[in-house]
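Asks: Structure provided below as structure tokens; questions to follow.
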Amino acid sequence: MAIIVKLDDRLYEKRMTLTELAERVDITLANLSILKTGKAKAIRFSTLEAICRELDCQPGDLLAYQTH
Amino acid sequence: MPQTFRKDPLLAFAQLVVGALIGLFAFAGIIVAIGLGAVATVQRDYVFAKLVAAGIPEAGYVAVLVGLVLIIMLTALGGLFMRELFRLVGSVEKGDPFQPFNADRLRRMGWNTVASHMILFALAAIAHSFGGYREALLAEDATLAGFSALLLALILFILARVFRVGAEMRSELEGTV
């Protein structure tokens, strides 16, 4: 996949668990897990906004484009 | 969102009515099939006598047999239509109706309506040949029923397209977080 999700890194920096983030952004743990493992096909701006707010970061800190 | 559809009294009622209609079509089909068997065998002479008494030529006997076969086909199509509708309502109740198989289901229902209407035309032609029922079948109601059937088929074909687009949109949303 060309777009990689760096949610793990940011969670580690903030010392936050995926469960805790799921509760804070009001998204199911299953969906957040899909995002974290790079299995998501798309992300809503509202989800991105909520994650950026809770992890105090920019979208670019969470997503990156990787050339093969 | 799927929770909205669950335990919907309208859907429960629809399933009850459609289920009863499936049974009714099956019952009618079986009864007419038995009647066809009787007319073709033990009641053959009786039917001949009745046709002669009504001033209908003997060839009318074949028309009666064909008419009964057409009625059996009509009940089979009616039953199939209701079965598709029953399953469609069931998928709505499960909260996931926008699926490609429902689009196919609606398309089949549309063709079923067209086929049923053609059988009705054939039955009307048979009745027309008997003369006695001519007025009844050529009445305004029959024309209106024909128009309604055409409209129903058209609506079903359009709904099939709507469901197909809905299924595609739903598929696009899958995996969105």
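Ordering of the structure tokens sets the chain letters (A, B, ...), residue numbers begin anew at 1 in every chain, and ligands are numbered from 1 in the order given.
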Using only C-alpha atoms, what table do you get, as CSV, when you list each residue of chain B with an atom no more than 12 Å from chain A, its nearest pair of atoms, and their distance in Å rounded to one decimal, rows by chain then rising number?

Replies:
```
residue,atom,partner,partner_atom,distance
B:Ser171,CA,A:Lys41,CA,10.7
B:Glu172,CA,A:Lys41,CA,8.6
B:Leu173,CA,A:Ala42,CA,7.9
B:Glu174,CA,A:Lys41,CA,7.4
B:Gly175,CA,A:Ala40,CA,4.9
B:Thr176,CA,A:Ala42,CA,4.5
B:Val177,CA,A:Ile43,CA,5.0
```

Asks: When you look at segment 82-92 of chain B with a cut-off of 7 Å (counting only C-alpha atoms), what residues show up, excluding the ones that are within fewer than 3 positions of it in the same chain? I need them as a ChimeraX atom specification.

Replies: /B:5,11,15,18-19,21-22,78-79,95-97,102,105

Asks: Just the selected residues (N, CA and C atoms), exported as a PDB file, in the first residue's frame, please.

Replies:
```
ATOM      1  N   PHE B   5     -34.283  -0.608  11.242  1.00  0.00           N
ATOM      2  CA  PHE B   5     -35.208  -1.459  10.506  1.00  0.00           C
ATOM      3  C   PHE B   5     -35.707  -2.644  11.323  1.00  0.00           C
ATOM      4  N   LEU B  11     -42.625  -4.144   8.382  1.00  0.00           N
ATOM      5  CA  LEU B  11     -41.901  -5.255   7.739  1.00  0.00           C
ATOM      6  C   LEU B  11     -42.433  -6.604   8.212  1.00  0.00           C
ATOM      7  N   GLN B  15     -44.115  -9.309   5.781  1.00  0.00           N
ATOM      8  CA  GLN B  15     -43.654 -10.694   5.680  1.00  0.00           C
ATOM      9  C   GLN B  15     -44.796 -11.679   5.919  1.00  0.00           C
ATOM     10  N   VAL B  18     -47.062 -11.454   2.722  1.00  0.00           N
ATOM     11  CA  VAL B  18     -46.384 -12.058   1.570  1.00  0.00           C
ATOM     12  C   VAL B  18     -46.244 -13.570   1.764  1.00  0.00           C
ATOM     13  N   GLY B  19     -45.955 -13.978   2.993  1.00  0.00           N
ATOM     14  CA  GLY B  19     -45.873 -15.407   3.301  1.00  0.00           C
ATOM     15  C   GLY B  19     -47.198 -16.100   3.040  1.00  0.00           C
ATOM     16  N   LEU B  21     -49.488 -15.071   0.987  1.00  0.00           N
ATOM     17  CA  LEU B  21     -49.720 -15.069  -0.468  1.00  0.00           C
ATOM     18  C   LEU B  21     -48.924 -16.175  -1.173  1.00  0.00           C
ATOM     19  N   ILE B  22     -47.722 -16.454  -0.656  1.00  0.00           N
ATOM     20  CA  ILE B  22     -46.929 -17.560  -1.230  1.00  0.00           C
ATOM     21  C   ILE B  22     -47.719 -18.864  -1.073  1.00  0.00           C
ATOM     22  N   GLY B  78     -46.506 -16.024  -9.835  1.00  0.00           N
ATOM     23  CA  GLY B  78     -46.975 -15.244  -8.679  1.00  0.00           C
ATOM     24  C   GLY B  78     -46.258 -15.685  -7.409  1.00  0.00           C
ATOM     25  N   GLY B  79     -46.126 -17.004  -7.241  1.00  0.00           N
ATOM     26  CA  GLY B  79     -45.423 -17.538  -6.072  1.00  0.00           C
ATOM     27  C   GLY B  79     -43.958 -17.132  -6.058  1.00  0.00           C
ATOM     28  N   GLY B  95     -31.210  -5.260   7.895  1.00  0.00           N
ATOM     29  CA  GLY B  95     -30.529  -3.967   7.899  1.00  0.00           C
ATOM     30  C   GLY B  95     -29.474  -3.808   6.818  1.00  0.00           C
ATOM     31  N   ASP B  96     -29.470  -4.712   5.844  1.00  0.00           N
ATOM     32  CA  ASP B  96     -28.443  -4.613   4.805  1.00  0.00           C
ATOM     33  C   ASP B  96     -29.043  -4.878   3.419  1.00  0.00           C
ATOM     34  N   PRO B  97     -29.968  -4.003   2.978  1.00  0.00           N
ATOM     35  CA  PRO B  97     -30.659  -4.297   1.715  1.00  0.00           C
ATOM     36  C   PRO B  97     -29.890  -3.934   0.441  1.00  0.00           C
ATOM     37  N   ASN B 102     -29.941  -8.178  -4.281  1.00  0.00           N
ATOM     38  CA  ASN B 102     -31.275  -7.568  -4.225  1.00  0.00           C
ATOM     39  C   ASN B 102     -31.600  -6.832  -5.525  1.00  0.00           C
ATOM     40  N   ARG B 105     -32.604  -9.472  -7.762  1.00  0.00           N
ATOM     41  CA  ARG B 105     -33.938  -9.921  -7.324  1.00  0.00           C
ATOM     42  C   ARG B 105     -35.034  -9.008  -7.901  1.00  0.00           C
TER      43      ARG B 105
END
```

Asks: Give me the residues within 12 Å of Gln58 of chain A as a list in words, counting only C-alpha atoms and dropping any in the same chain fewer than 4 places off.

Replies: Lys6, Leu7, Arg10, Leu48, Glu49, Ala50, Ile51, Cys52, Arg53, Glu54, Leu62, Leu63 and Ala64 of chain A

Asks: Dump N, CA, C and O atoms for the selected residues as a PDB file, in the first residue's frame?

Replies:
```
ATOM      1  N   LYS A   6       0.928   5.912  10.410  1.00  0.00           N
ATOM      2  CA  LYS A   6       1.945   5.887  11.470  1.00  0.00           C
ATOM      3  C   LYS A   6       1.312   6.123  12.842  1.00  0.00           C
ATOM      4  O   LYS A   6       1.882   6.815  13.691  1.00  0.00           O
ATOM      5  N   LEU A   7       0.148   5.547  13.018  1.00  0.00           N
ATOM      6  CA  LEU A   7      -0.594   5.754  14.255  1.00  0.00           C
ATOM      7  C   LEU A   7       0.146   5.165  15.453  1.00  0.00           C
ATOM      8  O   LEU A   7       0.158   5.760  16.541  1.00  0.00           O
ATOM      9  N   ARG A  10       2.843   7.487  16.850  1.00  0.00           N
ATOM     10  CA  ARG A  10       2.281   8.644  17.562  1.00  0.00           C
ATOM     11  C   ARG A  10       1.679   8.221  18.909  1.00  0.00           C
ATOM     12  O   ARG A  10       1.799   8.954  19.902  1.00  0.00           O
ATOM     13  N   LEU A  48     -10.059  11.862  11.087  1.00  0.00           N
ATOM     14  CA  LEU A  48      -8.695  12.395  11.070  1.00  0.00           C
ATOM     15  C   LEU A  48      -8.574  13.579  12.036  1.00  0.00           C
ATOM     16  O   LEU A  48      -7.601  13.678  12.810  1.00  0.00           O
ATOM     17  N   GLU A  49      -9.580  14.421  11.992  1.00  0.00           N
ATOM     18  CA  GLU A  49      -9.593  15.615  12.842  1.00  0.00           C
ATOM     19  C   GLU A  49      -9.584  15.207  14.326  1.00  0.00           C
ATOM     20  O   GLU A  49      -8.827  15.752  15.131  1.00  0.00           O
ATOM     21  N   ALA A  50     -10.429  14.223  14.660  1.00  0.00           N
ATOM     22  CA  ALA A  50     -10.527  13.778  16.054  1.00  0.00           C
ATOM     23  C   ALA A  50      -9.218  13.156  16.534  1.00  0.00           C
ATOM     24  O   ALA A  50      -8.778  13.408  17.661  1.00  0.00           O
ATOM     25  N   ILE A  51      -8.591  12.374  15.668  1.00  0.00           N
ATOM     26  CA  ILE A  51      -7.327  11.729  16.055  1.00  0.00           C
ATOM     27  C   ILE A  51      -6.228  12.781  16.235  1.00  0.00           C
ATOM     28  O   ILE A  51      -5.465  12.760  17.213  1.00  0.00           O
ATOM     29  N   CYS A  52      -6.184  13.740  15.288  1.00  0.00           N
ATOM     30  CA  CYS A  52      -5.178  14.812  15.374  1.00  0.00           C
ATOM     31  C   CYS A  52      -5.376  15.633  16.656  1.00  0.00           C
ATOM     32  O   CYS A  52      -4.404  16.018  17.311  1.00  0.00           O
ATOM     33  N   ARG A  53      -6.619  15.859  17.004  1.00  0.00           N
ATOM     34  CA  ARG A  53      -6.934  16.638  18.214  1.00  0.00           C
ATOM     35  C   ARG A  53      -6.442  15.895  19.461  1.00  0.00           C
ATOM     36  O   ARG A  53      -5.765  16.474  20.306  1.00  0.00           O
ATOM     37  N   GLU A  54      -6.749  14.600  19.515  1.00  0.00           N
ATOM     38  CA  GLU A  54      -6.396  13.824  20.721  1.00  0.00           C
ATOM     39  C   GLU A  54      -4.908  13.529  20.810  1.00  0.00           C
ATOM     40  O   GLU A  54      -4.360  13.438  21.910  1.00  0.00           O
ATOM     41  N   LEU A  62       0.529  11.448  10.876  1.00  0.00           N
ATOM     42  CA  LEU A  62      -0.139  10.140  10.929  1.00  0.00           C
ATOM     43  C   LEU A  62      -0.050   9.362   9.619  1.00  0.00           C
ATOM     44  O   LEU A  62      -0.059   8.138   9.611  1.00  0.00           O
ATOM     45  N   LEU A  63      -0.023  10.107   8.511  1.00  0.00           N
ATOM     46  CA  LEU A  63      -0.030   9.455   7.195  1.00  0.00           C
ATOM     47  C   LEU A  63       1.230   9.801   6.415  1.00  0.00           C
ATOM     48  O   LEU A  63       1.758  10.913   6.538  1.00  0.00           O
ATOM     49  N   ALA A  64       1.661   8.873   5.619  1.00  0.00           N
ATOM     50  CA  ALA A  64       2.818   9.131   4.752  1.00  0.00           C
ATOM     51  C   ALA A  64       2.660   8.373   3.457  1.00  0.00           C
ATOM     52  O   ALA A  64       2.001   7.323   3.400  1.00  0.00           O
TER      53      ALA A  64
END
```

Asks: If we count only C-alpha atoms, what is near Glu13 of chain A at a cut-off of 12 Å, once residues fewer than 4 positions away on the same chain are taken out, given as a PyMOL selection string?

Replies: chain A and resi 6-9+17+55-57+61

Asks: Using only C-alpha atoms, which residue out of B:Asp45, B:Gly55, B:Thr75, B:Ala38 lies closest to Gly23 of chain B?

Replies: B:Thr75

Asks: Just checking: using only C-alpha atoms, which residue out of B:Val114, B:Gln43, B:Lys94, B:Leu68 ends up closest to Lys7 of chain B?

Replies: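 Of B:Val114, B:Gln43, B:Lys94, B:Leu68, the one nearest Lys7 of chain B is B:Lys94, counting only C-alpha atoms.
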
Asks: Write out as a PyMOL selection string which residues come within 7 Å of Ala167 of chain B when counting only C-alpha atoms, dropping same-chain ones fewer than 3 positions away.

Replies: chain B and resi 98-100+163-164+170-171

Asks: Report, in Å to a single decimal, how far apart atom CA of Phe13 of chain B and atom CA of Glu93 of chain B are.

Replies: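 These two atoms are separated by 11.7 Å.
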
Asks: With DSSP run on the backbone, what are the helix (DSSP H, G or I) residues within chain A? I'd like them as a short mmCIF file (atom, residue, chain, number, x, y, z; two decimals) with all heavy atoms, in the first residue's frame.

Replies:
```
data_model
loop_
_atom_site.label_atom_id
_atom_site.label_comp_id
_atom_site.auth_asym_id
_atom_site.auth_seq_id
_atom_site.Cartn_x
_atom_site.Cartn_y
_atom_site.Cartn_z
N LEU A 7 0.15 5.55 13.02
CA LEU A 7 -0.59 5.75 14.26
C LEU A 7 0.15 5.17 15.45
O LEU A 7 0.16 5.76 16.54
CB LEU A 7 -1.99 5.11 14.12
CG LEU A 7 -3.03 5.44 15.17
CD1 LEU A 7 -3.31 6.93 15.24
CD2 LEU A 7 -4.33 4.70 14.89
N ASP A 8 0.78 4.03 15.23
CA ASP A 8 1.51 3.35 16.31
C ASP A 8 2.58 4.25 16.91
O ASP A 8 2.69 4.37 18.14
CB ASP A 8 2.18 2.09 15.74
CG ASP A 8 1.46 0.83 16.18
OD1 ASP A 8 0.60 0.95 17.08
OD2 ASP A 8 1.76 -0.25 15.65
N ASP A 9 3.35 4.88 16.03
CA ASP A 9 4.45 5.75 16.49
C ASP A 9 3.92 6.89 17.35
O ASP A 9 4.46 7.20 18.41
CB ASP A 9 5.18 6.36 15.27
CG ASP A 9 5.75 5.28 14.36
OD1 ASP A 9 5.83 4.13 14.81
OD2 ASP A 9 6.09 5.60 13.20
N ARG A 10 2.84 7.49 16.85
CA ARG A 10 2.28 8.64 17.56
C ARG A 10 1.68 8.22 18.91
O ARG A 10 1.80 8.95 19.90
CB ARG A 10 1.20 9.29 16.67
CG ARG A 10 0.85 10.71 17.04
CD ARG A 10 2.01 11.67 16.82
NE ARG A 10 1.78 12.90 17.56
CZ ARG A 10 2.70 13.86 17.71
NH1 ARG A 10 3.89 13.73 17.17
NH2 ARG A 10 2.43 14.94 18.40
N LEU A 11 1.04 7.04 18.92
CA LEU A 11 0.47 6.53 20.18
C LEU A 11 1.59 6.28 21.19
O LEU A 11 1.44 6.57 22.38
CB LEU A 11 -0.31 5.23 19.92
CG LEU A 11 -1.71 5.36 19.33
CD1 LEU A 11 -2.24 4.00 18.90
CD2 LEU A 11 -2.68 5.98 20.32
N TYR A 12 2.71 5.75 20.71
CA TYR A 12 3.84 5.47 21.59
C TYR A 12 4.41 6.76 22.18
O TYR A 12 4.69 6.85 23.37
CB TYR A 12 4.92 4.70 20.81
CG TYR A 12 6.13 4.35 21.65
CD1 TYR A 12 6.06 3.32 22.58
CD2 TYR A 12 7.32 5.08 21.51
CE1 TYR A 12 7.16 3.02 23.37
CE2 TYR A 12 8.42 4.79 22.30
CZ TYR A 12 8.33 3.75 23.23
OH TYR A 12 9.43 3.46 24.01
N GLU A 13 4.53 7.78 21.30
CA GLU A 13 5.04 9.08 21.75
C GLU A 13 4.16 9.68 22.84
O GLU A 13 4.64 10.30 23.77
CB GLU A 13 5.11 10.06 20.57
CG GLU A 13 6.30 9.83 19.65
CD GLU A 13 6.22 10.66 18.37
OE1 GLU A 13 5.55 11.71 18.40
OE2 GLU A 13 6.79 10.22 17.36
N LYS A 14 2.84 9.50 22.66
CA LYS A 14 1.88 10.09 23.61
C LYS A 14 1.58 9.15 24.78
O LYS A 14 0.78 9.49 25.65
CB LYS A 14 0.57 10.44 22.90
CG LYS A 14 0.69 11.45 21.78
CD LYS A 14 1.05 12.85 22.26
CE LYS A 14 -0.12 13.59 22.86
NZ LYS A 14 0.26 14.98 23.23
N LEU A 18 -4.43 2.07 22.17
CA LEU A 18 -5.42 2.16 21.08
C LEU A 18 -6.84 2.22 21.66
O LEU A 18 -7.69 2.97 21.16
CB LEU A 18 -5.28 0.95 20.15
CG LEU A 18 -5.88 1.09 18.77
CD1 LEU A 18 -5.14 2.13 17.94
CD2 LEU A 18 -5.85 -0.24 18.03
N THR A 19 -7.06 1.49 22.73
CA THR A 19 -8.37 1.47 23.38
C THR A 19 -8.73 2.86 23.91
O THR A 19 -9.85 3.33 23.75
CB THR A 19 -8.37 0.45 24.54
OG1 THR A 19 -7.82 -0.77 24.07
CG2 THR A 19 -9.76 0.22 25.10
N GLU A 20 -7.73 3.48 24.52
CA GLU A 20 -7.95 4.82 25.09
C GLU A 20 -8.27 5.83 23.98
O GLU A 20 -9.20 6.63 24.12
CB GLU A 20 -6.69 5.25 25.84
CG GLU A 20 -6.91 6.42 26.79
CD GLU A 20 -5.61 6.83 27.49
OE1 GLU A 20 -4.66 6.02 27.54
OE2 GLU A 20 -5.56 7.97 27.96
N LEU A 21 -7.53 5.73 22.88
CA LEU A 21 -7.77 6.64 21.76
C LEU A 21 -9.16 6.39 21.17
O LEU A 21 -9.87 7.35 20.83
CB LEU A 21 -6.69 6.45 20.69
CG LEU A 21 -6.82 7.35 19.46
CD1 LEU A 21 -6.63 8.83 19.84
CD2 LEU A 21 -5.82 6.98 18.37
N ALA A 22 -9.53 5.13 21.08
CA ALA A 22 -10.84 4.79 20.53
C ALA A 22 -11.95 5.44 21.35
O ALA A 22 -12.92 5.97 20.81
CB ALA A 22 -11.02 3.28 20.49
N GLU A 23 -11.79 5.40 22.66
CA GLU A 23 -12.79 6.01 23.55
C GLU A 23 -12.82 7.53 23.37
O GLU A 23 -13.87 8.14 23.32
CB GLU A 23 -12.48 5.67 25.00
CG GLU A 23 -12.91 4.26 25.38
CD GLU A 23 -12.35 3.82 26.72
OE1 GLU A 23 -11.76 4.66 27.44
OE2 GLU A 23 -12.47 2.62 27.03
N ARG A 24 -11.64 8.13 23.25
CA ARG A 24 -11.55 9.59 23.14
C ARG A 24 -12.11 10.13 21.82
O ARG A 24 -12.72 11.18 21.80
CB ARG A 24 -10.08 10.03 23.27
CG ARG A 24 -9.56 9.93 24.68
CD ARG A 24 -8.23 10.64 24.74
NE ARG A 24 -7.62 10.53 26.07
CZ ARG A 24 -6.63 11.31 26.46
NH1 ARG A 24 -6.13 12.21 25.64
NH2 ARG A 24 -6.11 11.17 27.65
N VAL A 25 -11.87 9.40 20.73
CA VAL A 25 -12.33 9.90 19.42
C VAL A 25 -13.70 9.32 19.05
O VAL A 25 -14.24 9.63 17.99
CB VAL A 25 -11.31 9.61 18.28
CG1 VAL A 25 -10.02 10.34 18.53
CG2 VAL A 25 -11.09 8.13 18.10
N LEU A 29 -13.08 0.29 18.54
CA LEU A 29 -11.71 -0.22 18.58
C LEU A 29 -11.41 -1.00 17.30
O LEU A 29 -10.29 -0.93 16.76
CB LEU A 29 -11.54 -1.13 19.82
CG LEU A 29 -10.15 -1.67 20.07
CD1 LEU A 29 -9.13 -0.57 20.27
CD2 LEU A 29 -10.15 -2.62 21.26
N ALA A 30 -12.41 -1.70 16.81
CA ALA A 30 -12.23 -2.51 15.58
C ALA A 30 -11.86 -1.61 14.41
O ALA A 30 -10.93 -1.92 13.65
CB ALA A 30 -13.51 -3.27 15.28
N ASN A 31 -12.57 -0.49 14.26
CA ASN A 31 -12.30 0.43 13.15
C ASN A 31 -10.94 1.09 13.29
O ASN A 31 -10.22 1.27 12.31
CB ASN A 31 -13.40 1.50 13.07
CG ASN A 31 -14.54 1.07 12.16
OD1 ASN A 31 -14.43 0.09 11.43
ND2 ASN A 31 -15.63 1.79 12.21
N LEU A 32 -10.61 1.44 14.52
CA LEU A 32 -9.31 2.08 14.75
C LEU A 32 -8.18 1.09 14.48
O LEU A 32 -7.12 1.46 13.97
CB LEU A 32 -9.25 2.60 16.19
CG LEU A 32 -8.35 3.81 16.42
CD1 LEU A 32 -8.70 4.96 15.49
CD2 LEU A 32 -8.42 4.27 17.87
N SER A 33 -8.45 -0.16 14.81
CA SER A 33 -7.47 -1.21 14.56
C SER A 33 -7.26 -1.41 13.05
O SER A 33 -6.14 -1.63 12.59
CB SER A 33 -7.96 -2.50 15.21
OG SER A 33 -7.01 -3.50 15.05
N ILE A 34 -8.37 -1.30 12.30
CA ILE A 34 -8.30 -1.40 10.83
C ILE A 34 -7.41 -0.28 10.29
O ILE A 34 -6.56 -0.49 9.43
CB ILE A 34 -9.72 -1.33 10.22
CG1 ILE A 34 -10.45 -2.66 10.46
CG2 ILE A 34 -9.68 -1.02 8.72
CD1 ILE A 34 -11.94 -2.63 10.13
N LEU A 35 -7.59 0.91 10.87
CA LEU A 35 -6.79 2.07 10.44
C LEU A 35 -5.31 1.85 10.79
O LEU A 35 -4.42 2.07 9.96
CB LEU A 35 -7.33 3.34 11.11
CG LEU A 35 -6.61 4.63 10.77
CD1 LEU A 35 -6.79 4.99 9.31
CD2 LEU A 35 -7.12 5.78 11.65
N LYS A 36 -5.08 1.38 12.00
CA LYS A 36 -3.70 1.21 12.48
C LYS A 36 -2.92 0.17 11.67
O LYS A 36 -1.75 0.34 11.38
CB LYS A 36 -3.74 0.78 13.96
CG LYS A 36 -2.41 0.93 14.66
CD LYS A 36 -2.40 0.25 15.99
CE LYS A 36 -2.13 -1.23 15.84
NZ LYS A 36 -1.82 -1.90 17.11
N PHE A 45 -12.63 12.85 7.13
CA PHE A 45 -11.95 14.02 7.69
C PHE A 45 -12.30 14.16 9.17
O PHE A 45 -11.46 14.58 9.97
CB PHE A 45 -12.37 15.29 6.94
CG PHE A 45 -11.59 15.52 5.67
CD1 PHE A 45 -12.14 16.24 4.62
CD2 PHE A 45 -10.30 15.04 5.54
CE1 PHE A 45 -11.43 16.45 3.44
CE2 PHE A 45 -9.58 15.25 4.37
CZ PHE A 45 -10.15 15.96 3.32
N SER A 46 -13.52 13.82 9.54
CA SER A 46 -13.95 13.94 10.94
C SER A 46 -13.13 13.01 11.84
O SER A 46 -12.75 13.38 12.96
CB SER A 46 -15.44 13.64 11.08
OG SER A 46 -15.72 12.35 10.57
N THR A 47 -12.81 11.81 11.31
CA THR A 47 -12.00 10.85 12.08
C THR A 47 -10.58 11.38 12.22
O THR A 47 -10.00 11.37 13.31
CB THR A 47 -11.98 9.48 11.35
OG1 THR A 47 -13.31 9.07 11.13
CG2 THR A 47 -11.26 8.43 12.17
N LEU A 48 -10.06 11.86 11.09
CA LEU A 48 -8.70 12.39 11.07
C LEU A 48 -8.57 13.58 12.04
O LEU A 48 -7.60 13.68 12.81
CB LEU A 48 -8.36 12.82 9.64
CG LEU A 48 -6.90 13.08 9.30
CD1 LEU A 48 -6.03 11.87 9.58
CD2 LEU A 48 -6.76 13.47 7.83
N GLU A 49 -9.58 14.42 11.99
CA GLU A 49 -9.59 15.62 12.84
C GLU A 49 -9.58 15.21 14.33
O GLU A 49 -8.83 15.75 15.13
CB GLU A 49 -10.85 16.44 12.52
CG GLU A 49 -10.89 17.79 13.19
CD GLU A 49 -12.21 18.51 12.93
OE1 GLU A 49 -12.79 18.32 11.85
OE2 GLU A 49 -12.66 19.23 13.84
N ALA A 50 -10.43 14.22 14.66
CA ALA A 50 -10.53 13.78 16.05
C ALA A 50 -9.22 13.16 16.53
O ALA A 50 -8.78 13.41 17.66
CB ALA A 50 -11.67 12.79 16.19
N ILE A 51 -8.59 12.37 15.67
CA ILE A 51 -7.33 11.73 16.06
C ILE A 51 -6.23 12.78 16.23
O ILE A 51 -5.46 12.76 17.21
CB ILE A 51 -6.91 10.65 15.02
CG1 ILE A 51 -7.92 9.50 15.02
CG2 ILE A 51 -5.52 10.12 15.31
CD1 ILE A 51 -7.72 8.48 13.90
N CYS A 52 -6.18 13.74 15.29
CA CYS A 52 -5.18 14.81 15.37
C CYS A 52 -5.38 15.63 16.66
O CYS A 52 -4.40 16.02 17.31
CB CYS A 52 -5.27 15.73 14.16
SG CYS A 52 -4.61 14.99 12.68
N ARG A 53 -6.62 15.86 17.00
CA ARG A 53 -6.93 16.64 18.21
C ARG A 53 -6.44 15.90 19.46
O ARG A 53 -5.77 16.47 20.31
CB ARG A 53 -8.45 16.86 18.29
CG ARG A 53 -8.91 17.75 19.45
CD ARG A 53 -10.42 17.72 19.60
NE ARG A 53 -10.89 16.40 19.98
CZ ARG A 53 -11.90 15.76 19.38
NH1 ARG A 53 -12.53 16.30 18.36
NH2 ARG A 53 -12.27 14.56 19.79
N GLU A 54 -6.75 14.60 19.52
CA GLU A 54 -6.40 13.82 20.72
C GLU A 54 -4.91 13.53 20.81
O GLU A 54 -4.36 13.44 21.91
CB GLU A 54 -7.20 12.51 20.76
CG GLU A 54 -8.69 12.70 20.94
CD GLU A 54 -9.05 13.51 22.19
OE1 GLU A 54 -8.35 13.37 23.22
OE2 GLU A 54 -10.03 14.28 22.13
N LEU A 55 -4.26 13.38 19.67
CA LEU A 55 -2.82 13.07 19.69
C LEU A 55 -1.95 14.32 19.49
O LEU A 55 -0.72 14.22 19.43
CB LEU A 55 -2.49 12.03 18.61
CG LEU A 55 -3.12 10.65 18.78
CD1 LEU A 55 -2.74 9.73 17.63
CD2 LEU A 55 -2.70 10.02 20.10
N PRO A 59 -2.14 15.92 10.29
CA PRO A 59 -2.41 14.72 9.47
C PRO A 59 -1.14 14.09 8.91
O PRO A 59 -1.02 12.87 8.82
CB PRO A 59 -3.32 15.25 8.36
CG PRO A 59 -4.01 16.40 8.97
CD PRO A 59 -3.02 17.03 9.91
N GLY A 60 -0.18 14.94 8.57
CA GLY A 60 1.08 14.46 8.02
C GLY A 60 1.88 13.62 9.01
O GLY A 60 2.74 12.82 8.61
N ASP A 61 1.61 13.82 10.31
CA ASP A 61 2.31 13.02 11.33
C ASP A 61 1.74 11.59 11.38
O ASP A 61 2.40 10.68 11.89
CB ASP A 61 2.15 13.66 12.71
CG ASP A 61 2.78 15.04 12.76
OD1 ASP A 61 3.78 15.25 12.06
OD2 ASP A 61 2.25 15.92 13.47
N LEU A 62 0.53 11.45 10.88
CA LEU A 62 -0.14 10.14 10.93
C LEU A 62 -0.05 9.36 9.62
O LEU A 62 -0.06 8.14 9.61
CB LEU A 62 -1.63 10.31 11.28
CG LEU A 62 -1.96 10.95 12.63
CD1 LEU A 62 -3.42 11.27 12.70
CD2 LEU A 62 -1.56 10.01 13.76
#
```

Asks: Please give the complete set of residues from chain A that DSSP, run on the backbone, assigns to strand (DSSP E), formatted as a PyMOL selection string.

Replies: chain A and resi 3-5+63-65

Asks: Interatomic distance between atom CA of Val66 of chain B and atom CA of Ala40 of chain B?

Replies: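 Calculated distance between atom CA of Val66 of chain B and atom CA of Ala40 of chain B is 10.7 Å.
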
Asks: With distances taken over only C-alpha atoms, which residue among B:Ala63, B:Val162, B:Ile71, B:Leu80 lies nearest His128 of chain B?

Replies: B:Ala63
